[in-house]
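First the structure, in the form of structure tokens, and then the observations on it.
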Amino acid sequence: MKITRRAFLRASAYAGAGLTISFRLPFSTTAAPDTVFAPNAYIRIAPDNTITLWVTRSEMGQGVRTNLPAALAEELEVDLGQVRLEQAMPGSRFKGIRLRTSGSGSSSGTFLALRKAGAAAREMLISAAAGTWNVDRAACRAEHGAVAHSASGRKLTYGELAERAAQLPVPAAPPLKDPKNFRLLGKPLRRADGLAIVHGRAGYGIDARVPGMLFAVMERCPYLGGQLVSFDARRAMAVPGVRHVVPIHSGIFAGVAVAADNTWVALKGREALEVKWAAGKDSDFDSDRFMESLKSAAAQEGYSVRREGDPERALAAAAQQIQAVYEYPFQAHAPLETMNCTADVRSDSCEIWVPTQTPETAFNSIAKSLGLPPEKIKVHTTLLGGGFGRRLFVDYADEAVELSKAIGKPVQLLWTRTDDMRNGFFHPASIEHMRAGFSARGIEAWLHKSVGSDLSMFGLPSAEQMKDKQRYAKDESPWGAFDTFYNFPALKVDYVPVDSPVPTGAWRAVEYPSRVFARESFLDEAAHALGKDPLQLRIDLLQPGGILTLGEQKIDRSRMIRVLEAAREKSGWAKPLAHSSERFFGRGVAINTYFGESYVAQVADVSVARDFSDLRIHRIVCIVDCGLAINPSGIEGQVESGITWGLSAALHGKIDFREGRAQQGTYSDFRVMPMNEMPAVETYILPNGNDPSGFGEHPVPPAAPAVANAVFAACGKRARKLPITLA
Amino acid sequence: MATFTLTINGSKHSVTAPPDMPLLWVLRDLLQMTGTKYGCGVGGCGACTIHHGTVAVRACQIPISEAHGQSYTTIEGLGGAGEHPCQRAWIEEDVSQCGYCQAGMIMAAAALLHENPNPTDEEIDATMSNSLCRCGTYGRVRRAIHRAARAGAGA
């Protein structure tokens, strides 16, 4: 995501409260639909030496509660263990500050501002010490949470200096440390919450406990666009421990909630409910038929998003043409912690505990639905048992608030696993129609037409907005197609939006996985058709390197080439594959960049049984250029994580709709990668002097095409549809 | 509703519950021990793994009527008052990402090591593939189990 790196510092001193520095984090503009504005965070150094950082992003495994304090502690010259973490809450104190976690921008987007804040505080503390001792500040230095005067051996802790420092002016441009002196940044750091997690003390949303609370589950309408007609609560209310049965309308699907003394009794009550649903106009929706309709829609002209050279003429003039259609199905998020929220709505206040990526959306939604003033609303962001984009939406918080208000008691509303898979937002299905024309020189024309649905959870564009033929080009969408970075003599990228009744939302890497699957697979097809090495062809198509500017994105083709060259070396690209009488072996490569930020290449080694009865992925080598790796251990974790996510989709993930209902509802029919199917993952981070860039989603998109390309290399079968089937 | 007694982490508890109430909800909602997690409720993800004696079991699959008079260990009690070698190894290998599944992972790993103090990769895979992690921490889980084995977790 494009970040305008502007940071502003301001300070305010509260009598007796020590030194508080508030700082504005970089303003963020982006083509992504999750564009929001400048965030902000606060640190506090108290006279008792506690240093508190209010973490302005949600921890969902990507390591913000490790990386953000590291950036601060580095400049402030304190030990990481000295920084106490508080989770920022929406409301007056953080008004106007971004608390949203999306776009893989949490660490990179707060990095410089946190360093500046730490540096400014450090400089002020040094000045305070120098003033106290009446010595030259150049003779003082900050270390381990104190300022020392070497000549006299005197030392004052930050706590002792806090109040005096708070009276001083904030330096506008405090000197930042030379990266070669970093103690923390760029070194492997362990997760801040690691200890609490392994002892079962870490607090997720589902762990919220409020005195007097009830536990609830909800029977949800199984039909897309269906309605609640009526319900009979008598049998449910007869279950001992069931206290309330309430219709709920504020979520994605209408439903009937059962609130009880505990979750089990609520589940029993739900079983006993009798509910009548109206199926609605989408009761015949079938995802197989929808895929066919997408293929038909590929005949439409659609919206032009990129055009270079004269692609139609170049294609017509080509000595050879190839074309293919790639398919990507609907997907669920399936985080281990299902959606849940605990709400305590009183007549004049509302407090909720929610695992969310976007607490301010929950806050605003409560203000709107309950009409409460901001100071009467408290939104506690808990740890998230996985986010992956699903928790950018607060439908599950709205439901809990509606329920608590209706029953007048604090209540936790928990989604079951099946609710979570069938009644949430889905990753939209899409198809990619790819065409290429070759001459003896190589690829002359590349035409990519993407057909799929816009993300409905942001609201679909109006008919008036759709009249703007440039709307998707201006949005730089679809990601992975618009930002095709290969240097083709002629290029055409079009998008055909086709609405579906399926609620669709951001999934890990949002629009990239399906488009990168098609782009990187079809390039592999082109390489084979041309008789060229797929890795070398990519390098050739990135020549002569340098910056490709596309809208607000700057894609550095030289960095991409470097990543590919490292992939060739580290994967042993040219080394012979294993051979056996039972299996075919193959190796494939795929690459991507995410908004021109971080660069990734993956090489997969796979084998396929000679009777095509199974596919095994043996190894994936991942080369990473993410600028400064703030925490290399975290980056390596994200690589393994993103690849696992990508492989789950490559091998297993798919949600089908039949007669308007999602079919899969457990981990046995919507499978995710288990340990015994995981390949060895080797991660290599290329050191460089670039600013840190995001990495939470980046390893996802190349995984599926790297595997599909390796499958083709192994056995000559081209997988154009996920999940991969060999039959 | 009936009254049942059971021992959790060495302490005796008495609960009033419907006989079919799974131990998972007894732990979480009645005894306020929230370290054991709900992931699927059908024994398919491993997030609620606890120990019956030294054997890994799924808390969502054990009705309280069966747990009556029995003794269980949860993540909160693993390693007694101290730290189990698996917990230490998990920290040292920096396994956790979102961390939600890790209590179940650690309980499954500790039971495996009790039964097999020095498992191979294949033996680890065979047991641990019943525990799902959507963040994909599997490589580190495997490393942590080997590390815990070296530290004598199975001894």
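Chain labels A, B, ... are given in the sequence in which chains occur in the structure tokens; within each chain residues are numbered consecutively from 1, and ligands are likewise numbered from 1 in the order shown.
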
Item to complete: Give the helix (DSSP H, G or I) residues of chain B, as DSSP finds them on the backbone, and put them as a ChimeraX atom specification.
Response: /B:23-30,59-61,64-67,75-77,85-92,102-115,121-128,138-150

7 Å contacts from chain A to chain B using only C-alpha atoms, as an mmCIF file with N, CA and C atoms, in the first residue's frame:
```cif
data_model
loop_
_atom_site.group_PDB
_atom_site.id
_atom_site.type_symbol
_atom_site.label_atom_id
_atom_site.label_comp_id
_atom_site.auth_asym_id
_atom_site.auth_seq_id
_atom_site.Cartn_x
_atom_site.Cartn_y
_atom_site.Cartn_z
ATOM 1 N N MET A 60 -3.042 -10.079 15.406
ATOM 2 C CA MET A 60 -3.716 -11.274 14.891
ATOM 3 C C MET A 60 -2.703 -12.298 14.422
ATOM 4 N N GLY A 61 -1.485 -12.191 14.995
ATOM 5 C CA GLY A 61 -0.460 -13.159 14.638
ATOM 6 C C GLY A 61 0.631 -12.571 13.776
ATOM 7 N N GLN A 62 0.389 -11.355 13.291
ATOM 8 C CA GLN A 62 1.385 -10.739 12.407
ATOM 9 C C GLN A 62 2.481 -10.021 13.192
ATOM 10 N N ARG A 190 11.206 -12.260 19.782
ATOM 11 C CA ARG A 190 10.135 -13.198 20.069
ATOM 12 C C ARG A 190 8.833 -12.461 20.346
ATOM 13 N N ARG A 191 7.752 -13.153 20.036
ATOM 14 C CA ARG A 191 6.421 -12.591 20.213
ATOM 15 C C ARG A 191 6.192 -12.068 21.626
ATOM 16 N N GLY A 194 3.991 -14.252 23.679
ATOM 17 C CA GLY A 194 4.318 -15.676 23.606
ATOM 18 C C GLY A 194 4.129 -16.413 24.918
ATOM 19 N N LEU A 195 4.563 -15.811 26.004
ATOM 20 C CA LEU A 195 4.497 -16.479 27.305
ATOM 21 C C LEU A 195 3.036 -16.662 27.739
ATOM 22 N N ILE A 197 0.499 -16.855 25.856
ATOM 23 C CA ILE A 197 -0.148 -17.833 24.969
ATOM 24 C C ILE A 197 0.146 -19.253 25.427
ATOM 25 N N VAL A 198 1.409 -19.556 25.703
ATOM 26 C CA VAL A 198 1.737 -20.958 26.012
ATOM 27 C C VAL A 198 1.238 -21.382 27.404
ATOM 28 N N HIS A 199 0.831 -20.444 28.207
ATOM 29 C CA HIS A 199 0.244 -20.806 29.505
ATOM 30 C C HIS A 199 -1.273 -20.675 29.506
ATOM 31 N N GLY A 200 -1.840 -20.394 28.345
ATOM 32 C CA GLY A 200 -3.302 -20.304 28.259
ATOM 33 C C GLY A 200 -3.866 -19.060 28.919
ATOM 34 N N ARG A 201 -3.039 -18.039 29.071
ATOM 35 C CA ARG A 201 -3.503 -16.807 29.736
ATOM 36 C C ARG A 201 -3.820 -15.682 28.764
ATOM 37 N N ASP A 207 -12.638 -15.289 25.227
ATOM 38 C CA ASP A 207 -12.277 -15.424 26.638
ATOM 39 C C ASP A 207 -12.815 -14.285 27.510
ATOM 40 N N ASN A 262 -24.957 -20.838 29.799
ATOM 41 C CA ASN A 262 -23.648 -21.181 29.255
ATOM 42 C C ASN A 262 -23.813 -21.551 27.781
ATOM 43 N N THR A 263 -22.684 -21.689 27.094
ATOM 44 C CA THR A 263 -22.727 -21.885 25.644
ATOM 45 C C THR A 263 -23.423 -23.193 25.282
ATOM 46 N N TRP A 264 -23.177 -24.230 26.076
ATOM 47 C CA TRP A 264 -23.765 -25.534 25.747
ATOM 48 C C TRP A 264 -25.292 -25.483 25.801
ATOM 49 N N PRO A 335 -10.878 -18.805 10.352
ATOM 50 C CA PRO A 335 -9.901 -18.653 11.442
ATOM 51 C C PRO A 335 -10.278 -19.598 12.573
ATOM 52 N N LEU A 336 -9.280 -20.020 13.354
ATOM 53 C CA LEU A 336 -9.581 -20.981 14.420
ATOM 54 C C LEU A 336 -10.547 -20.400 15.458
ATOM 55 N N GLU A 337 -10.399 -19.129 15.767
ATOM 56 C CA GLU A 337 -11.368 -18.505 16.672
ATOM 57 C C GLU A 337 -12.532 -18.001 15.828
ATOM 58 N N THR A 338 -13.702 -18.583 16.058
ATOM 59 C CA THR A 338 -14.863 -18.144 15.279
ATOM 60 C C THR A 338 -15.248 -16.720 15.679
ATOM 61 N N LEU A 384 -6.754 -11.447 18.570
ATOM 62 C CA LEU A 384 -7.572 -12.065 17.527
ATOM 63 C C LEU A 384 -7.043 -13.469 17.243
ATOM 64 N N GLY A 385 -7.951 -14.445 17.282
ATOM 65 C CA GLY A 385 -7.544 -15.798 16.913
ATOM 66 C C GLY A 385 -7.586 -15.961 15.402
ATOM 67 N N GLY A 386 -6.810 -15.131 14.746
ATOM 68 C CA GLY A 386 -6.799 -15.054 13.280
ATOM 69 C C GLY A 386 -7.699 -13.916 12.812
ATOM 70 N N ARG A 417 -18.628 -23.086 14.443
ATOM 71 C CA ARG A 417 -17.761 -23.278 13.267
ATOM 72 C C ARG A 417 -18.575 -23.244 11.974
ATOM 73 N N GLU A 640 5.977 -18.675 6.273
ATOM 74 C CA GLU A 640 5.401 -20.005 6.485
ATOM 75 C C GLU A 640 3.880 -19.920 6.545
ATOM 76 N N SER A 641 3.417 -18.867 7.186
ATOM 77 C CA SER A 641 1.984 -18.672 7.345
ATOM 78 C C SER A 641 1.300 -18.414 6.004
ATOM 79 N N THR A 644 1.260 -21.492 3.860
ATOM 80 C CA THR A 644 0.232 -22.431 4.333
ATOM 81 C C THR A 644 -1.145 -22.008 3.836
ATOM 82 N N TYR A 667 -14.195 -28.292 9.221
ATOM 83 C CA TYR A 667 -12.839 -28.443 8.697
ATOM 84 C C TYR A 667 -12.680 -29.758 7.934
ATOM 85 N N PRO A 674 -3.009 -29.454 6.967
ATOM 86 C CA PRO A 674 -2.507 -30.007 8.214
ATOM 87 C C PRO A 674 -0.982 -30.161 8.140
ATOM 88 N N MET A 675 -0.390 -30.458 9.275
ATOM 89 C CA MET A 675 1.076 -30.509 9.329
ATOM 90 C C MET A 675 1.678 -31.513 8.348
ATOM 91 N N ASN A 676 1.040 -32.685 8.214
ATOM 92 C CA ASN A 676 1.680 -33.727 7.406
ATOM 93 C C ASN A 676 1.628 -33.466 5.899
#
```

Item to complete: Tell me, as a ChimeraX atom specification, which residues lie within 8 Å of Leu6 of chain B, counting only C-alpha atoms; anything in the same chain fewer than 4 positions away does not count.
Response: /B:12-14,67-72

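Of the residues under consideration (B:Ser65, B:Thr54, B:Thr73, B:Thr7), B:Thr54 shows the shortest atom-to-atom contact distance to Glu115 of chain B when counting only C-alpha atoms.
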
Item to complete: List the neighbours of Arg435 of chain A out to 6 Å using only C-alpha atoms; skip same-chain residues closer than 3 positions along the sequence, and give me the result as an NGL selection string.
Response: :A and (322-323 or 447)

Fill in: Contacts of Ala73 of chain A within 9 Å, only C-alpha atoms, excl. fewer than 4 positions in-chain, as a list in words
Leu68, Pro69, Glu77, Val78, Asp79, Leu80, Gln82, Val83, Leu114, Arg115, Gly118 and Leu184 of chain A

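Residues within 6 Å of segment 306-321 of chain A, counting only C-alpha atoms and excluding same-chain residues fewer than 4 positions away, are A:Ala436, A:Gly437, A:Phe438, A:Ser439, A:Ala445, A:Ala490, A:Leu491, A:Lys492, A:Val493.
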
Worksheet item: What lies within 8 Å of Ala362 of chain A using only C-alpha atoms, ignoring chain neighbours under 5 positions off, as a list in words?
Response: Val379, Val394, Ala397 and Asp398 of chain A

Practice prompt. Write out as a PyMOL selection string all residues of segment 153-318 of chain A that backbone DSSP assigns to strand (DSSP E or B).
Written response: chain A and resi 154-157+204+214-220+227-232+242-248+255-260+274-278+303-308

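Considering only C-alpha atoms, the residue among B:Asn9, B:Pro63, B:Ala153, B:Phe4 positioned nearest to Gly80 of chain B is B:Asn9.
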
Worksheet item: Which is closer to Ile50 of chain B than all the others in B:Ala2, B:Ile62, B:Leu113, B:Ala81, using only C-alpha atoms?
Response: B:Ile62
